[in-house]
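This report refers to the structure that appears directly beneath it.
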Amino acid sequence: MKIRVLGCSGAIASGYKTTAFLLDDCILIDAGTGVGDLPLEAMARIDHILVSHSHLDHVLAIPLMADAVLRIREAAGRPPIQIHALPETLDALRRHVFNGVIWPDFTRLPSAEHPVLSLHPFELGQRLVLRGLDEQTREIEVITAAHTVPAVGFAVSGAQGNWVFTGDTGPNPLLWQRLADMPLAHLVIETAFGDDEQRLAHVSRHLCPSALSLELAQLGGSVEVHVTHIKPGEGEAVMGAVAALATPHRISALKAGDEMVF
């Protein structure tokens with residue numbers, strides 16, 4: 001099982017792509033601007049998109065990708081790309097993106113009978129079983145997040161432990177209660193701002209290094225931790241403070257192009 005980081009920034013600038021992870025070539029976890037670096041043929045192989053929440057930096061590629069791959073998937077007789085998200089997130093996509101004003105409704109195009117996208121609600125705690133291109137199934141649990149809109153994270157099951165993505169989140173005691181019973185191979189956790197932006201992090205329900213320290217103190221053992229969603233221009237402030245944390249965990253900054261195999 002391989003997860004490739006297509007994007008892991010909290011906003012855009014030259015060299016910065018927003019959140020998107022590619023699991024085994026056919027499953028996207030979030031669909032930020034990093035998806036745009038995939039070749040068209042690779043993009044057309046994606047059958048499932050799991051969306052953590054409705055914010056633009058996590059969903060922007062969905063409408064653009066639908067338009068790009070429509071002809072290829074239709075010619076190949078491929079089924080709709082399944083978008084999996086909370087009901088509130090799917091409703092936001094229907095009302096604010098696929099509304100004919102911001103973007104055409106690709107849940108009804110090229111026809112209502114054979115659209116390029118289909119929407120599938122999940123709920124917190126649900127275990128999704130998705131089939132990969134290699135015909136093996138991938139089990140992904142929907143886990144809790146604490147953000148300004150309804151939001152979740154994801155835990156991808158692996159034989160040697162789980163790959164866990166917190167999604168965008170502030171302090172979240174329920175997450176650590178769940179992870180206490182879950183073997184971890186990798187933890188991908190957001191830290192959007194430096195400690196000098198502590199108030200902004202609190203209001204926007206993101207983490208900063210001091211808050212990250214309190215969160216990781218609730219996680220036992222010594223875990224491979226990858227910091228994601230750092231805002232452009234905040235990298236030095238975030239990772240400088242993270243490097244000074246007293247923690248048993250091995251913490252590094254995630255970057256586009258990273259691959260995790262487990």
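By order of appearance in the structure tokens: chains A, B, ..., then residues from 1 within every chain, and ligands from 1 in the order shown.
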
Checklist entry - Residues of segment 155-217 of chain A in strand (DSSP E) according to DSSP, as a list in words? => result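 Output for segment 155-217 of chain A, strand (DSSP E) only: Ala155, Val156, Asn162, Trp163, Val164, Phe165, Leu184, Ala185, His186, Leu187, Val188, Ile189 and Glu190 of chain A.
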
Pull the closest atom pair for each residue of segment 119-227 of chain A that gets at most 12 Å from segment 54-58 of chain A, along with the distance in Å to one decimal, counting only C-alpha atoms, ordering rows by chain and then ascending residue number, as JSON lines.
{"residue": "A:His147", "atom": "CA", "partner": "A:His55", "partner_atom": "CA", "distance": 10.4}
{"residue": "A:Thr148", "atom": "CA", "partner": "A:His55", "partner_atom": "CA", "distance": 9.6}
{"residue": "A:Val149", "atom": "CA", "partner": "A:Ser54", "partner_atom": "CA", "distance": 7.5}
{"residue": "A:Pro150", "atom": "CA", "partner": "A:Ser54", "partner_atom": "CA", "distance": 8.0}
{"residue": "A:Ala151", "atom": "CA", "partner": "A:Ser54", "partner_atom": "CA", "distance": 7.8}
{"residue": "A:Val152", "atom": "CA", "partner": "A:Ser54", "partner_atom": "CA", "distance": 10.4}
{"residue": "A:Gly167", "atom": "CA", "partner": "A:His58", "partner_atom": "CA", "distance": 9.6}
{"residue": "A:Asp168", "atom": "CA", "partner": "A:His55", "partner_atom": "CA", "distance": 9.6}
{"residue": "A:Ser204", "atom": "CA", "partner": "A:His55", "partner_atom": "CA", "distance": 12.0}

Item to check | For Ser222 of chain A, the nearest of the candidates A:Pro183, A:Pro209, A:Gly100, A:Gly235, counting only C-alpha atoms | outcome: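 Comparing A:Pro183, A:Pro209, A:Gly100, A:Gly235 against Ser222 of chain A, the winner is A:Pro183.
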
Next on the checklist: Could you go through segment 7-242 of chain A and tell me which residues DSSP, when run on the backbone, assigns to helix (DSSP H, G or I), listing them as a ChimeraX atom specification?
Outcome noted: /A:33-37,40-44,56-59,61-75,87-96,173-179,195-203,209-216,235-242

Item to check | Residue neighbourhood Gly125 of chain A, 8 Å, only C-alpha atoms, exclusion window fewer than 2 positions, as JSON, numbers by chain | outcome: {"A": [123, 127, 141, 142, 143, 144]}

Using the selection just defined, write its residues with N, CA, C and O atoms as a PDB file, in the first residue's frame.
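Result went into part-v5.pdb, see below:
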ATOM      1  N   GLU A 123     -20.677   8.578   7.660  1.00  0.00           N
ATOM      2  CA  GLU A 123     -20.859   9.139   8.987  1.00  0.00           C
ATOM      3  C   GLU A 123     -19.629   8.857   9.831  1.00  0.00           C
ATOM      4  O   GLU A 123     -18.827   7.959   9.511  1.00  0.00           O
ATOM      5  N   ARG A 127     -16.654   2.578   8.633  1.00  0.00           N
ATOM      6  CA  ARG A 127     -15.504   1.965   7.960  1.00  0.00           C
ATOM      7  C   ARG A 127     -15.867   1.758   6.491  1.00  0.00           C
ATOM      8  O   ARG A 127     -16.756   0.964   6.172  1.00  0.00           O
ATOM      9  N   GLU A 141     -11.296   4.148   7.930  1.00  0.00           N
ATOM     10  CA  GLU A 141     -12.237   4.569   8.967  1.00  0.00           C
ATOM     11  C   GLU A 141     -12.359   6.088   8.981  1.00  0.00           C
ATOM     12  O   GLU A 141     -11.367   6.813   8.873  1.00  0.00           O
ATOM     13  N   VAL A 142     -13.575   6.573   9.117  1.00  0.00           N
ATOM     14  CA  VAL A 142     -13.846   8.002   9.236  1.00  0.00           C
ATOM     15  C   VAL A 142     -13.682   8.381  10.706  1.00  0.00           C
ATOM     16  O   VAL A 142     -14.391   7.865  11.571  1.00  0.00           O
ATOM     17  N   ILE A 143     -12.719   9.263  11.005  1.00  0.00           N
ATOM     18  CA  ILE A 143     -12.418   9.607  12.394  1.00  0.00           C
ATOM     19  C   ILE A 143     -12.729  11.080  12.665  1.00  0.00           C
ATOM     20  O   ILE A 143     -12.893  11.881  11.748  1.00  0.00           O
ATOM     21  N   THR A 144     -12.789  11.421  13.937  1.00  0.00           N
ATOM     22  CA  THR A 144     -13.232  12.742  14.362  1.00  0.00           C
ATOM     23  C   THR A 144     -12.213  13.840  14.059  1.00  0.00           C
ATOM     24  O   THR A 144     -11.001  13.626  14.118  1.00  0.00           O
TER      25      THR A 144
END

Next on the checklist: For a test of reading the model, state the distance in Å between atom CA of Val35 of chain A and atom CA of Phe154 of chain A, rounded to one decimal.
Outcome noted: 18.4 Å

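Minimum atom-to-atom distance to Asp24 of chain A, evaluated using only C-alpha atoms, belongs to A:Met260 out of A:Leu219, A:Val164, A:Met260, A:Leu179.
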
Checklist entry - What's the 10 Å shell around segment 108-115 of chain A, counting only C-alpha atoms, without same-chain residues fewer than 6 positions away, as a list in words? => result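 After dropping sequence-adjacent residues, the list is Ala66, Asp67, Leu70, Arg71, Glu74, Gly77, Arg78, Pro79, Pro80, Ile81 and Phe98 of chain A.
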
Next on the checklist: Ranking A:Pro39, A:Gly158, A:Gly194, A:Gly7 by minimum distance to Val242 of chain A and counting only C-alpha atoms, which one comes first?
Outcome noted: A:Gly194

Item to check | Best match for closeness to Glu139 of chain A among A:Asn162, A:Thr19, A:Thr89, A:Asn172, counting only C-alpha atoms | outcome: A:Asn162

Item to check | All residues 10 Å or closer to Lys2 of chain A, only C-alpha atoms, same chain fewer than 5 positions away omitted, as a list in words | outcome: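 Once the adjacent positions are removed, what remains is Leu22, Leu23, Asp24, Asp25, Glu259, Met260, Val261 and Phe262 of chain A.
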
Next on the checklist: Quick one: residues within 8 Å of Glu234 of chain A, only C-alpha atoms, excluding same-chain residues fewer than 2 positions away - as number ranges by chain?
Outcome noted: A: 192-194, 230-232, 236-238

If you keep C-alpha atoms, can you produce a file of those selected residues as a PDB file, in the first residue's frame?
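And here is the file that came out, again_1.pdb:
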ATOM      1  CA  ALA A 192      -1.104  25.629  10.206  1.00  0.00           C
ATOM      2  CA  PHE A 193       0.401  28.552  12.126  1.00  0.00           C
ATOM      3  CA  GLY A 194       3.390  29.501  14.277  1.00  0.00           C
ATOM      4  CA  ILE A 230       1.579  24.715   7.164  1.00  0.00           C
ATOM      5  CA  LYS A 231       0.647  28.052   5.611  1.00  0.00           C
ATOM      6  CA  PRO A 232       3.138  29.469   3.068  1.00  0.00           C
ATOM      7  CA  GLU A 236      10.264  28.394   9.652  1.00  0.00           C
ATOM      8  CA  ALA A 237       8.109  29.567  12.562  1.00  0.00           C
ATOM      9  CA  VAL A 238       6.232  26.264  12.740  1.00  0.00           C
TER      10      VAL A 238
END

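Among the candidates A:Leu90, A:Met1, A:Thr18, A:Ile72, the one nearest to Ala185 of chain A when counting only C-alpha atoms is A:Met1.
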